[in-house]
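*Asks:* Pasting data_21.cif below, which is mmCIF, C-alpha atoms.
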```cif
data_model
loop_
_atom_site.label_atom_id
_atom_site.label_comp_id
_atom_site.auth_asym_id
_atom_site.auth_seq_id
_atom_site.Cartn_x
_atom_site.Cartn_y
_atom_site.Cartn_z
CA MET A 1 -82.78 120.27 88.36
CA GLY A 2 -83.14 119.74 84.61
CA LEU A 3 -80.31 117.22 84.57
CA LEU A 4 -80.98 115.78 88.02
CA ILE A 5 -84.42 114.31 87.24
CA PRO A 6 -83.36 112.10 84.29
CA LEU A 7 -80.11 111.12 86.08
CA ILE A 8 -82.10 109.94 89.12
CA ILE A 9 -84.42 107.97 86.84
CA ILE A 10 -81.41 106.35 85.09
CA ALA A 11 -79.89 105.43 88.46
CA LEU A 12 -83.17 103.81 89.55
CA CYS A 13 -83.39 101.99 86.22
CA CYS A 14 -79.87 100.68 86.81
CA LEU A 15 -80.94 99.33 90.20
CA VAL A 16 -84.08 97.61 88.88
CA ILE A 17 -82.22 96.10 85.91
CA TRP A 18 -79.60 94.74 88.30
CA ARG A 19 -82.14 93.24 90.71
CA ALA A 20 -84.40 91.79 88.00
CA GLY A 21 -81.31 90.63 86.12
CA ASP A 22 -80.28 88.55 89.13
CA GLY A 23 -83.55 86.62 88.99
CA PHE A 24 -83.32 86.29 85.22
CA MET A 25 -79.82 84.89 85.56
CA VAL A 26 -80.82 82.27 88.16
CA ALA A 27 -83.60 81.01 85.88
CA SER A 28 -81.52 81.07 82.69
CA GLU A 29 -78.62 79.26 84.38
CA TYR A 30 -81.01 76.48 85.35
CA VAL A 31 -82.39 76.29 81.82
CA GLY A 32 -78.85 76.03 80.42
CA ARG A 33 -77.42 73.86 83.20
CA ASN A 34 -76.26 71.11 80.81
CA LEU A 35 -74.28 73.37 78.48
CA SER A 36 -70.50 73.30 78.63
CA GLU A 37 -68.47 76.12 80.17
CA GLY A 38 -67.77 78.76 77.53
CA VAL A 39 -70.81 77.76 75.48
CA ARG A 40 -73.12 78.61 78.39
CA GLY A 41 -71.40 81.96 78.87
CA ALA A 42 -71.60 82.90 75.20
CA THR A 43 -75.24 81.83 74.75
CA ILE A 44 -77.51 81.50 77.82
CA ASN A 45 -75.62 83.97 80.02
CA ALA A 46 -75.09 86.42 77.17
CA ILE A 47 -78.75 86.42 76.11
CA ALA A 48 -79.96 86.65 79.70
CA SER A 49 -77.75 89.62 80.50
CA SER A 50 -78.52 91.41 77.21
CA MET A 51 -82.30 91.64 77.55
CA PRO A 52 -82.05 95.32 78.65
CA GLU A 53 -80.35 96.18 75.33
CA VAL A 54 -83.17 94.49 73.40
CA PHE A 55 -85.92 96.39 75.19
CA THR A 56 -83.99 99.68 75.18
CA SER A 57 -83.53 99.46 71.40
CA PHE A 58 -87.24 98.63 71.00
CA PHE A 59 -88.34 101.61 73.06
CA PHE A 60 -85.91 104.02 71.38
CA LEU A 61 -87.45 103.09 68.02
CA PHE A 62 -91.10 102.97 69.05
CA VAL A 63 -91.04 105.97 71.44
CA LEU A 64 -89.04 108.35 69.24
CA ASN A 65 -90.56 106.69 66.15
CA ASP A 66 -87.96 107.85 63.62
CA ALA A 67 -84.30 107.69 62.56
CA THR A 68 -83.32 109.46 65.79
CA GLY A 69 -84.77 106.54 67.70
CA PHE A 70 -82.75 104.09 65.62
CA SER A 71 -79.60 106.12 66.34
CA GLY A 72 -80.42 105.79 70.05
CA GLY A 73 -80.60 102.02 69.58
CA ILE A 74 -77.24 102.03 67.81
CA GLY A 75 -75.80 104.13 70.63
CA THR A 76 -77.08 101.74 73.29
CA THR A 77 -75.93 98.53 71.61
CA ALA A 78 -72.57 99.88 70.42
CA GLY A 79 -71.83 101.62 73.72
CA SER A 80 -72.81 98.46 75.61
CA ALA A 81 -70.56 96.38 73.35
CA ILE A 82 -67.57 98.63 74.04
CA PHE A 83 -68.39 98.58 77.77
CA ASN A 84 -68.56 94.77 77.67
CA SER A 85 -65.25 94.41 75.83
CA MET A 86 -63.32 96.76 78.07
CA VAL A 87 -64.89 97.22 81.50
CA ILE A 88 -66.39 93.78 82.23
CA PRO A 89 -63.21 91.72 81.65
CA ALA A 90 -61.17 94.34 83.52
CA VAL A 91 -63.34 94.46 86.65
CA SER A 92 -63.71 90.66 86.62
CA ILE A 93 -59.92 90.24 86.61
CA ILE A 94 -59.42 92.87 89.31
CA ALA A 95 -62.18 91.33 91.48
CA VAL A 96 -60.61 87.86 91.34
CA ILE A 97 -57.06 89.08 91.96
CA SER A 98 -58.25 91.30 94.84
CA MET A 99 -59.59 88.18 96.57
CA GLY A 100 -55.99 86.98 96.85
CA ALA A 101 -56.72 83.56 95.39
CA VAL A 102 -54.67 84.15 92.22
CA LYS A 103 -52.31 86.78 90.85
CA LYS A 104 -53.30 86.26 87.22
CA ILE A 105 -55.82 84.21 85.30
CA GLU A 106 -55.65 82.09 82.18
CA ILE A 107 -58.42 82.18 79.56
CA SER A 108 -58.86 79.46 76.96
CA ARG A 109 -57.44 80.72 73.67
CA LYS A 110 -60.07 78.64 71.89
CA VAL A 111 -62.80 80.65 73.62
CA LEU A 112 -61.07 83.98 72.95
CA PHE A 113 -60.48 83.35 69.25
CA ARG A 114 -63.86 81.70 68.72
CA ASP A 115 -65.92 84.50 70.25
CA GLY A 116 -63.52 87.32 69.33
CA ILE A 117 -63.38 86.45 65.63
CA ALA A 118 -67.15 85.83 65.53
CA LEU A 119 -67.68 89.27 67.08
CA ILE A 120 -65.35 90.99 64.59
CA ILE A 121 -67.17 89.31 61.68
CA ALA A 122 -70.54 90.38 63.11
CA GLU A 123 -69.35 93.97 63.58
CA PHE A 124 -67.88 94.08 60.08
CA ILE A 125 -71.22 92.94 58.64
CA PHE A 126 -72.91 95.53 60.86
CA LEU A 127 -70.52 98.22 59.56
CA ILE A 128 -71.29 97.41 55.93
CA LEU A 129 -74.98 96.57 56.30
CA ILE A 130 -76.23 99.60 58.26
CA SER A 131 -74.54 102.06 55.94
CA GLY A 132 -77.15 103.40 53.54
CA SER A 133 -79.66 106.18 53.98
CA SER A 134 -82.61 103.76 54.10
CA LEU A 135 -83.07 100.72 56.35
CA ASP A 136 -85.75 98.05 55.89
CA TRP A 137 -86.89 94.75 57.42
CA HIS A 138 -84.38 92.66 55.47
CA HIS A 139 -81.51 94.52 57.17
CA GLY A 140 -82.83 93.44 60.56
CA LEU A 141 -83.45 89.91 59.32
CA LEU A 142 -79.87 89.59 58.04
CA LEU A 143 -78.46 90.80 61.37
CA MET A 144 -80.55 88.24 63.26
CA SER A 145 -79.48 85.52 60.82
CA VAL A 146 -75.83 86.18 61.68
CA TYR A 147 -76.61 85.48 65.34
CA VAL A 148 -78.52 82.29 64.45
CA VAL A 149 -75.47 81.04 62.54
CA TYR A 150 -73.30 81.84 65.57
CA ILE A 151 -75.64 79.93 67.92
CA VAL A 152 -75.66 76.90 65.60
CA PHE A 153 -71.87 76.96 65.52
CA MET A 154 -71.69 77.24 69.32
CA PHE A 155 -73.84 74.15 69.87
CA ALA A 156 -71.96 72.27 67.15
CA SER A 157 -68.70 73.04 68.97
CA MET A 158 -69.82 71.27 72.17
CA ASP A 159 -68.16 67.94 72.79
CA LYS A 160 -70.10 64.70 72.26
CA LYS A 161 -70.48 63.94 75.99
CA THR A 162 -72.02 67.35 76.70
CA LYS A 163 -74.44 67.02 73.77
CA GLU A 164 -75.60 63.63 75.02
CA ALA A 165 -76.22 65.07 78.51
CA LEU A 166 -78.21 67.95 77.04
CA MET A 167 -80.35 65.66 74.88
CA ALA A 168 -80.92 63.26 77.78
CA SER A 169 -82.26 65.97 80.13
CA SER A 170 -86.04 66.22 80.50
CA PRO A 171 -88.48 68.62 82.17
CA GLN A 172 -89.11 66.05 84.90
CA GLU A 173 -85.46 65.71 85.73
CA ASP A 174 -84.51 67.14 89.11
CA PRO A 175 -80.70 67.00 89.15
CA VAL A 176 -78.69 67.03 92.33
CA GLU A 177 -76.80 70.10 91.22
CA ALA A 178 -80.01 72.14 90.85
CA VAL A 179 -79.88 75.45 92.62
CA GLU A 180 -81.64 75.62 95.96
CA GLY A 181 -83.77 78.65 96.70
CA ARG A 182 -82.92 80.96 99.54
CA GLY A 183 -84.88 81.19 102.75
CA SER A 184 -87.64 83.77 102.93
CA SER A 185 -87.96 85.78 106.10
CA SER A 186 -90.33 88.25 104.49
CA PHE A 187 -92.21 87.72 101.24
CA PHE A 188 -93.30 91.37 101.22
CA LEU A 189 -89.70 92.57 101.62
CA ALA A 190 -88.64 90.30 98.77
CA VAL A 191 -91.29 91.85 96.50
CA ILE A 192 -90.34 95.42 97.48
CA THR A 193 -86.62 94.79 96.90
CA LEU A 194 -87.28 92.82 93.67
CA ASP A 195 -85.66 89.71 95.10
CA LEU A 196 -87.42 87.62 92.48
CA GLU A 197 -85.49 84.47 93.31
CA ARG A 198 -86.88 84.54 96.86
CA VAL A 199 -90.40 85.35 95.59
CA PHE A 200 -90.64 82.46 93.11
CA ILE A 201 -88.36 79.88 94.70
CA GLY A 202 -88.00 80.71 98.39
CA LYS A 203 -86.89 77.63 100.33
CA ALA A 204 -87.98 75.23 97.59
CA LYS A 205 -85.72 73.62 95.02
CA ILE A 206 -85.78 75.23 91.61
CA ASN A 207 -87.53 73.32 88.83
CA ASP A 208 -88.67 74.05 85.28
CA THR A 209 -91.99 75.61 86.29
CA ARG A 210 -90.46 77.95 88.87
CA ALA A 211 -87.59 78.79 86.51
CA TRP A 212 -89.95 79.83 83.70
CA PHE A 213 -92.18 81.91 85.99
CA LEU A 214 -89.05 83.62 87.29
CA LEU A 215 -87.77 84.16 83.75
CA VAL A 216 -91.00 85.72 82.47
CA THR A 217 -91.46 88.01 85.51
CA ALA A 218 -87.86 89.22 85.38
CA THR A 219 -88.25 89.92 81.65
CA MET A 220 -91.39 92.01 82.27
CA CYS A 221 -89.61 94.02 85.00
CA ILE A 222 -86.66 94.71 82.71
CA ALA A 223 -88.95 95.69 79.82
CA GLY A 224 -90.94 98.11 81.98
CA VAL A 225 -87.93 99.90 83.39
CA CYS A 226 -86.22 100.17 79.97
CA TYR A 227 -89.07 102.42 78.83
CA TRP A 228 -88.14 104.89 81.59
CA LEU A 229 -84.47 104.55 80.74
CA VAL A 230 -85.19 105.58 77.15
CA LEU A 231 -87.43 108.44 78.30
CA ALA A 232 -84.73 109.76 80.65
CA CYS A 233 -82.09 109.62 77.88
CA GLU A 234 -84.45 111.46 75.53
CA TRP A 235 -84.98 114.19 78.15
CA LEU A 236 -81.24 114.59 78.67
CA GLY A 237 -80.66 114.98 74.94
CA GLU A 238 -83.41 117.57 74.42
CA LYS A 239 -82.87 121.33 74.67
CA THR A 240 -85.96 121.51 76.87
CA TYR A 241 -88.31 118.80 78.05
CA GLU A 242 -91.56 118.67 79.97
CA VAL A 243 -92.28 116.43 82.96
CA PRO A 244 -96.01 116.00 83.71
CA TYR A 245 -97.08 117.90 86.87
CA LEU A 246 -93.53 119.23 87.42
CA GLY A 247 -93.01 121.66 84.57
CA THR A 248 -90.45 122.34 81.82
CA PHE A 249 -86.71 121.79 82.30
CA GLU A 250 -83.51 122.23 80.31
CA GLY A 251 -81.57 119.27 78.91
CA LEU A 252 -78.10 119.03 77.38
CA ASP A 253 -79.22 119.77 73.80
CA ILE A 254 -77.09 117.02 72.26
CA PRO A 255 -77.93 114.08 69.94
CA VAL A 256 -79.62 111.28 71.88
CA MET A 257 -77.05 108.83 70.46
CA PHE A 258 -74.35 110.38 72.67
CA VAL A 259 -76.50 110.06 75.78
CA ALA A 260 -77.29 106.44 74.92
CA LEU A 261 -73.61 105.69 74.24
CA ILE A 262 -72.63 106.32 77.84
CA LEU A 263 -75.64 106.25 80.16
CA ALA A 264 -78.10 103.83 78.51
CA SER A 265 -75.31 101.43 77.54
CA ALA A 266 -73.79 101.40 81.04
CA ALA A 267 -77.19 100.93 82.69
CA SER A 268 -78.14 98.08 80.37
CA SER A 269 -74.75 96.41 80.88
CA PHE A 270 -75.16 96.10 84.65
CA PRO A 271 -76.33 92.45 84.49
CA ASP A 272 -73.40 91.50 82.24
CA THR A 273 -70.97 92.97 84.75
CA ILE A 274 -72.46 91.23 87.77
CA ILE A 275 -72.70 87.88 85.97
CA SER A 276 -69.10 87.98 84.73
CA ILE A 277 -67.75 88.93 88.17
CA LYS A 278 -69.68 86.04 89.77
CA ASP A 279 -68.38 83.60 87.14
CA ALA A 280 -64.81 84.82 87.63
CA LYS A 281 -65.04 84.45 91.42
CA LYS A 282 -66.22 80.86 90.94
CA GLY A 283 -63.18 80.21 88.76
CA ASN A 284 -65.26 80.04 85.55
CA TYR A 285 -62.93 82.42 83.71
CA ASP A 286 -63.97 81.22 80.25
CA ASP A 287 -67.63 81.94 81.04
CA ALA A 288 -66.74 85.37 82.46
CA ILE A 289 -65.04 86.48 79.24
CA SER A 290 -67.28 84.61 76.78
CA ASN A 291 -70.33 86.19 78.46
CA ALA A 292 -68.95 89.65 77.65
CA LEU A 293 -68.01 88.76 74.06
CA GLY A 294 -71.16 86.70 73.46
CA SER A 295 -73.28 89.57 74.78
CA ASN A 296 -71.67 91.85 72.20
CA ILE A 297 -72.57 89.50 69.35
CA PHE A 298 -76.13 89.31 70.67
CA ASP A 299 -76.28 93.13 71.07
CA VAL A 300 -74.98 93.91 67.59
CA CYS A 301 -76.99 91.24 65.74
CA PHE A 302 -80.17 90.63 67.71
CA ALA A 303 -80.73 93.50 70.15
CA LEU A 304 -80.63 95.90 67.18
CA GLY A 305 -81.75 93.53 64.41
CA LEU A 306 -85.04 92.43 66.03
CA PRO A 307 -86.36 95.97 66.82
CA LEU A 308 -85.31 97.11 63.32
CA PHE A 309 -87.09 94.12 61.74
CA VAL A 310 -90.34 94.62 63.70
CA PHE A 311 -90.42 98.43 63.38
CA THR A 312 -89.88 98.47 59.61
CA LEU A 313 -92.44 95.73 59.04
CA ILE A 314 -95.03 97.91 60.80
CA ASN A 315 -93.96 101.40 59.75
CA GLY A 316 -91.95 100.91 56.57
CA PRO A 317 -88.29 101.82 55.89
CA ILE A 318 -86.32 104.17 58.14
CA VAL A 319 -84.79 107.09 56.23
CA MET A 320 -81.75 108.58 57.96
CA SER A 321 -80.38 112.09 57.54
CA GLU A 322 -76.78 112.69 56.49
CA ASP A 323 -75.82 113.74 60.04
CA ILE A 324 -77.18 110.53 61.57
CA ILE A 325 -75.49 108.45 58.84
CA ASP A 326 -72.12 110.06 59.65
CA LEU A 327 -72.64 109.65 63.41
CA SER A 328 -73.57 105.98 63.09
CA SER A 329 -70.72 105.31 60.64
CA GLU A 330 -68.23 106.88 63.03
CA LEU A 331 -69.58 104.82 65.91
CA ARG A 332 -69.64 101.53 64.01
CA LEU A 333 -66.01 101.93 62.93
CA LEU A 334 -65.03 102.90 66.49
CA LEU A 335 -66.77 99.77 67.78
CA LEU A 336 -64.88 97.55 65.31
CA LEU A 337 -61.51 99.13 66.18
CA SER A 338 -62.10 98.81 69.94
CA THR A 339 -63.02 95.12 69.55
CA VAL A 340 -59.84 94.41 67.59
CA ALA A 341 -57.82 96.25 70.27
CA ALA A 342 -59.49 94.24 73.05
CA LEU A 343 -58.86 90.93 71.28
CA VAL A 344 -55.19 91.81 70.81
CA ILE A 345 -54.90 92.57 74.54
CA PHE A 346 -56.70 89.34 75.46
CA THR A 347 -54.52 87.13 73.28
CA THR A 348 -51.14 88.77 73.88
CA GLY A 349 -49.37 86.54 76.38
CA LYS A 350 -50.74 83.49 78.13
CA TYR A 351 -52.26 85.19 81.19
CA MET A 352 -54.36 88.22 82.09
CA GLY A 353 -53.51 90.30 85.14
CA ARG A 354 -53.91 93.77 86.61
CA GLY A 355 -51.77 95.36 83.88
CA LYS A 356 -54.08 94.28 81.07
CA ALA A 357 -57.12 95.14 83.19
CA PHE A 358 -55.96 98.73 83.67
CA ILE A 359 -55.12 99.07 79.96
CA LEU A 360 -58.69 98.03 79.12
CA LEU A 361 -60.13 100.50 81.64
CA GLY A 362 -57.86 103.23 80.24
CA ILE A 363 -59.20 102.63 76.74
CA TYR A 364 -62.78 102.89 78.01
CA VAL A 365 -62.01 106.13 79.88
CA PHE A 366 -60.60 107.52 76.63
CA PHE A 367 -63.77 106.43 74.82
CA VAL A 368 -66.03 108.16 77.37
CA THR A 369 -63.86 111.32 77.22
CA TYR A 370 -64.12 111.27 73.44
CA ILE A 371 -67.92 110.87 73.47
CA VAL A 372 -68.31 113.71 75.98
CA GLY A 373 -66.05 115.81 73.77
CA ARG A 374 -68.17 115.02 70.72
CA GLY A 375 -71.35 115.90 72.53
CA THR A 376 -69.97 119.26 73.68
CA GLY A 377 -68.38 120.13 70.33
CA ASN A 378 -64.76 119.80 71.45
CA GLU A 379 -62.28 120.44 68.58
CA TRP A 380 -59.97 117.47 69.17
CA ALA A 381 -62.93 115.09 69.46
CA GLN A 382 -64.40 116.51 66.25
CA SER A 383 -61.09 116.04 64.44
CA ILE A 384 -61.02 112.34 65.46
CA ALA A 385 -64.64 111.99 64.31
CA ASP A 386 -63.81 113.55 60.95
CA GLY A 387 -60.96 111.08 60.56
CA LEU A 388 -63.20 108.10 61.34
CA VAL A 389 -65.87 109.23 58.88
CA SER A 390 -63.19 109.82 56.24
CA VAL A 391 -61.98 106.23 56.65
CA VAL A 392 -65.54 104.96 56.15
CA HIS A 393 -65.95 107.12 53.03
CA PHE A 394 -62.54 106.04 51.69
CA PHE A 395 -63.53 102.39 51.71
CA ASN A 396 -66.90 103.27 50.16
CA ILE A 397 -68.72 101.69 53.12
CA ASN A 398 -71.00 104.65 53.42
#
```
The structure in this file should be written as structure tokens.

*Replies:*
Amino acid sequence: MGLLIPLIIIALCCLVIWRAGDGFMVASEYVGRNLSEGVRGATINAIASSMPEVFTSFFFLFVLNDATGFSGGIGTTAGSAIFNSMVIPAVSIIAVISMGAVKKIEISRKVLFRDGIALIIAEFIFLILISGSSLDWHHGLLLMSVYVVYIVFMFASMDKKTKEALMASSPQEDPVEAVEGRGSSSFFLAVITLDLERVFIGKAKINDTRAWFLLVTATMCIAGVCYWLVLACEWLGEKTYEVPYLGTFEGLDIPVMFVALILASAASSFPDTIISIKDAKKGNYDDAISNALGSNIFDVCFALGLPLFVFTLINGPIVMSEDIIDLSSELRLLLLLSTVAALVIFTTGKYMGRGKAFILLGIYVFFVTYIVGRGTGNEWAQSIADGLVSVVHFFNIN
């Protein structure tokens, strides 16, 4: 029962994030309708699908209110980034091939190298930056600045025709390609099932006003449920925890970072997965992959940088213990290595098919097995962790 309660809460959080994320995506796609393929996936889609990581990192910091909370934020963003790099491209490829339309897909090398190299640079900065025993507001500000530079570069990379179309668009414009709302047989049912698109658009045509109302409401839903996601992860990590009116229960007695690495990261990555699969089924392969990679850049730089910046401005520097420093160093290096491995797989050969998809899934299964092993004190997992920390120490990053 002690494990069942938080697991049920996490499952419900997953469901709400998915449903609210659908509405968020509809609104954000309309807002970014004039962006080119690839740019839209790496910016609008990536930010839209990464809102759960932002709120989860915020709540980990402000609920736990110490270095342990920051480690939970690192676990969520890093775990989500690894999930995005491995699982999302793999399931998108398998989903498209399973439809029978194609046997393999081709991704623009420009998109892969652009987003892949930008992500590696961001993770390298992350590895070096978050390495001391004390973290302050300027660390968060620098991380956010890296994402701002990436966004500026993304918009600068759009072709001239696309830029002119974006600048020419106005709030009054009602383009033919605007998304039509779905019919509404029951407004009450739509509210209960969090079908926000039906609630705010219904049978009408989407416009700027409806899009922004939908965007704000979806954001509030995601923010509210992320609080419960953080609370459930905290309960799982504790030796014992108390649920009001129900009593005291036993948890796993492991660092919250390990819980966040698998459960919080997977739950918060639900929107990314759904969005990438939908893009892939439409034939927008560049958007499907750039969404996953762009989400990682947003997660590493902004979803962690913004909460760190706000928290330290209010409460002062975060002082981390030696154990948390080693855990976060190990995780940051693992994140960098997994990204390099994913980029090599993406760019080896001209096409991506089932073989590459299963290799990516295999790497993620190994990662989950390793994290479970670390949490339970397995010897082989500990030996790998010691090796990773030794590498960090060798290069004087820590």

*Asks:* May I ask which of the residues A:Leu215, A:Gly305, A:Ser290, A:Phe394 is the closest one to Gly140 of chain A, counting all atoms listed in the file?

*Replies:*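 Ranking A:Leu215, A:Gly305, A:Ser290, A:Phe394 by distance to Gly140 of chain A, first place goes to A:Gly305.
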
*Asks:* Hey, can you check how far atom CA of Tyr241 of chain A sits from atom CA of Met51 of chain A?

*Replies:*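 Computed distance, atom CA of Tyr241 of chain A to atom CA of Met51 of chain A, equals 27.8 Å.
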
*Asks:* What is the atom CA of Leu214 of chain A-atom CA of Tyr30 of chain A distance in Å, reported with one decimal?

*Replies:*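 So the answer is 10.9 Å.
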
*Asks:* Could you give me, as a PyMOL selection string, the residues within 7 Å of Ser71 of chain A, counting all atoms listed in the file and dropping anything in the same chain fewer than 2 positions from it?

*Replies:* chain A and resi 67-69+73-75+257+324+328

*Asks:* Please expand the PyMOL selection byres ((chain A and resi 87) around 9) into the concrete residues it hits in this file, giving the result as an NGL selection string.

*Replies:* :A and (82-86 or 88-92 or 273 or 357 or 360-361 or 364)

*Asks:* What's the separation between atom CA of Lys239 of chain A and atom CA of Ile8 of chain A, in Å to one decimal place?

*Replies:*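 We find that atom CA of Lys239 of chain A and atom CA of Ile8 of chain A lie 18.4 Å from each other.
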
*Asks:* Of the candidates A:Phe249, A:Phe311, A:Trp212, A:Phe258, which shows the shortest atom-to-atom distance to Gly72 of chain A, using only C-alpha atoms?

*Replies:*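 So, comparing all the options, the nearest one is A:Phe258.
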
*Asks:* How would you write as a list in words the residues that get within 7 Å of (-84.0, 75.9, 86.0) in the file's frame, counting all atoms listed in the file?

*Replies:*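 Output of the proximity query reads Ala27, Ser28, Glu29, Tyr30, Val31, Ile206, Asn207, Asp208 and Ala211 of chain A.
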
*Asks:* Find the spatial neighbours of Leu327 of chain A, counting all atoms listed in the file, within a cut-off of 9 Å - ignore same-chain residues fewer than 2 positions away - and output them as a ChimeraX atom specification.

*Replies:* /A:71,257,322-325,329-332,385,389

*Asks:* Generate the output file for the selected residues, C-alpha atoms, as a PDB file, keeping the file's coordinate frame.

*Replies:*
```
ATOM      1  CA  SER A  71     -79.600 106.120  66.340  1.00  0.00           C
ATOM      2  CA  MET A 257     -77.050 108.830  70.460  1.00  0.00           C
ATOM      3  CA  GLU A 322     -76.780 112.690  56.490  1.00  0.00           C
ATOM      4  CA  ASP A 323     -75.820 113.740  60.040  1.00  0.00           C
ATOM      5  CA  ILE A 324     -77.180 110.530  61.570  1.00  0.00           C
ATOM      6  CA  ILE A 325     -75.490 108.450  58.840  1.00  0.00           C
ATOM      7  CA  SER A 329     -70.720 105.310  60.640  1.00  0.00           C
ATOM      8  CA  GLU A 330     -68.230 106.880  63.030  1.00  0.00           C
ATOM      9  CA  LEU A 331     -69.580 104.820  65.910  1.00  0.00           C
ATOM     10  CA  ARG A 332     -69.640 101.530  64.010  1.00  0.00           C
ATOM     11  CA  ALA A 385     -64.640 111.990  64.310  1.00  0.00           C
ATOM     12  CA  VAL A 389     -65.870 109.230  58.880  1.00  0.00           C
TER      13      VAL A 389
END
```

*Asks:* Between A:Gly23, A:Phe124, A:Val391, A:Phe309, which has the minimum distance to Gly202 of chain A (counting all atoms listed in the file)?

*Replies:*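 Of the candidates, the smallest distance to Gly202 of chain A is held by A:Gly23.
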
*Asks:* Considering only C-alpha atoms, can you say which of A:Ala266, A:Leu141, A:Leu261, A:Val310 comes closest to Ala78 of chain A?

*Replies:*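 Among A:Ala266, A:Leu141, A:Leu261, A:Val310, it is A:Leu261 that comes nearest to Ala78 of chain A.
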
*Asks:* Name every residue that the PyMOL selection byres ((chain A and resi 139) around 12) selects in this structure, writing the answer as a count of residues only with chains first and numbers rising.

*Replies:* 34

*Asks:* Of the residues A:Glu238, A:Glu106, A:Glu53, A:Glu197, which is the one nearest to Arg19 of chain A, using all atoms listed in the file?

*Replies:*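 Closest residue, counting all atoms listed in the file: A:Glu197.
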
*Asks:* I need the residue nearest Ser390 of chain A from this list: A:Val149, A:Val365, A:Leu333, A:Ile359. Use only C-alpha atoms for the distance.

*Replies:*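 Using only C-alpha atoms, Ser390 of chain A sits closest to A:Leu333.
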
*Asks:* Determine the residue set returned by the PyMOL selection byres ((chain A and resi 21) around 12) for the present structure, and present it as a PDB file with C-alpha atoms, in the coordinates of the input.

*Replies:*
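Final output, saved to part.pdb:
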```
ATOM      1  CA  CYS A  13     -83.390 101.990  86.220  1.00  0.00           C
ATOM      2  CA  CYS A  14     -79.870 100.680  86.810  1.00  0.00           C
ATOM      3  CA  LEU A  15     -80.940  99.330  90.200  1.00  0.00           C
ATOM      4  CA  VAL A  16     -84.080  97.610  88.880  1.00  0.00           C
ATOM      5  CA  ILE A  17     -82.220  96.100  85.910  1.00  0.00           C
ATOM      6  CA  TRP A  18     -79.600  94.740  88.300  1.00  0.00           C
ATOM      7  CA  ARG A  19     -82.140  93.240  90.710  1.00  0.00           C
ATOM      8  CA  ALA A  20     -84.400  91.790  88.000  1.00  0.00           C
ATOM      9  CA  ASP A  22     -80.280  88.550  89.130  1.00  0.00           C
ATOM     10  CA  GLY A  23     -83.550  86.620  88.990  1.00  0.00           C
ATOM     11  CA  PHE A  24     -83.320  86.290  85.220  1.00  0.00           C
ATOM     12  CA  MET A  25     -79.820  84.890  85.560  1.00  0.00           C
ATOM     13  CA  VAL A  26     -80.820  82.270  88.160  1.00  0.00           C
ATOM     14  CA  ALA A  27     -83.600  81.010  85.880  1.00  0.00           C
ATOM     15  CA  SER A  28     -81.520  81.070  82.690  1.00  0.00           C
ATOM     16  CA  GLU A  29     -78.620  79.260  84.380  1.00  0.00           C
ATOM     17  CA  ASN A  45     -75.620  83.970  80.020  1.00  0.00           C
ATOM     18  CA  ALA A  46     -75.090  86.420  77.170  1.00  0.00           C
ATOM     19  CA  ILE A  47     -78.750  86.420  76.110  1.00  0.00           C
ATOM     20  CA  ALA A  48     -79.960  86.650  79.700  1.00  0.00           C
ATOM     21  CA  SER A  49     -77.750  89.620  80.500  1.00  0.00           C
ATOM     22  CA  SER A  50     -78.520  91.410  77.210  1.00  0.00           C
ATOM     23  CA  MET A  51     -82.300  91.640  77.550  1.00  0.00           C
ATOM     24  CA  PRO A  52     -82.050  95.320  78.650  1.00  0.00           C
ATOM     25  CA  LEU A 194     -87.280  92.820  93.670  1.00  0.00           C
ATOM     26  CA  ASP A 195     -85.660  89.710  95.100  1.00  0.00           C
ATOM     27  CA  LEU A 196     -87.420  87.620  92.480  1.00  0.00           C
ATOM     28  CA  GLU A 197     -85.490  84.470  93.310  1.00  0.00           C
ATOM     29  CA  LEU A 214     -89.050  83.620  87.290  1.00  0.00           C
ATOM     30  CA  LEU A 215     -87.770  84.160  83.750  1.00  0.00           C
ATOM     31  CA  VAL A 216     -91.000  85.720  82.470  1.00  0.00           C
ATOM     32  CA  THR A 217     -91.460  88.010  85.510  1.00  0.00           C
ATOM     33  CA  ALA A 218     -87.860  89.220  85.380  1.00  0.00           C
ATOM     34  CA  THR A 219     -88.250  89.920  81.650  1.00  0.00           C
ATOM     35  CA  MET A 220     -91.390  92.010  82.270  1.00  0.00           C
ATOM     36  CA  CYS A 221     -89.610  94.020  85.000  1.00  0.00           C
ATOM     37  CA  ILE A 222     -86.660  94.710  82.710  1.00  0.00           C
ATOM     38  CA  ALA A 223     -88.950  95.690  79.820  1.00  0.00           C
ATOM     39  CA  VAL A 225     -87.930  99.900  83.390  1.00  0.00           C
ATOM     40  CA  ALA A 267     -77.190 100.930  82.690  1.00  0.00           C
ATOM     41  CA  SER A 268     -78.140  98.080  80.370  1.00  0.00           C
ATOM     42  CA  SER A 269     -74.750  96.410  80.880  1.00  0.00           C
ATOM     43  CA  PHE A 270     -75.160  96.100  84.650  1.00  0.00           C
ATOM     44  CA  PRO A 271     -76.330  92.450  84.490  1.00  0.00           C
ATOM     45  CA  ASP A 272     -73.400  91.500  82.240  1.00  0.00           C
ATOM     46  CA  THR A 273     -70.970  92.970  84.750  1.00  0.00           C
ATOM     47  CA  ILE A 274     -72.460  91.230  87.770  1.00  0.00           C
ATOM     48  CA  ILE A 275     -72.700  87.880  85.970  1.00  0.00           C
TER      49      ILE A 275
END
```

*Asks:* Report, as lines of an AutoDock Vina configuration file, the axis-aligned box around all atoms of segment 212-229 of chain A present in the file, extended by 8 Å on each side; give centre and edge lengths in Å to one decimal place.

*Replies:*
```
center_x = -88.3
center_y = 92.4
center_z = 83.1
size_x = 23.7
size_y = 41.1
size_z = 24.5
```
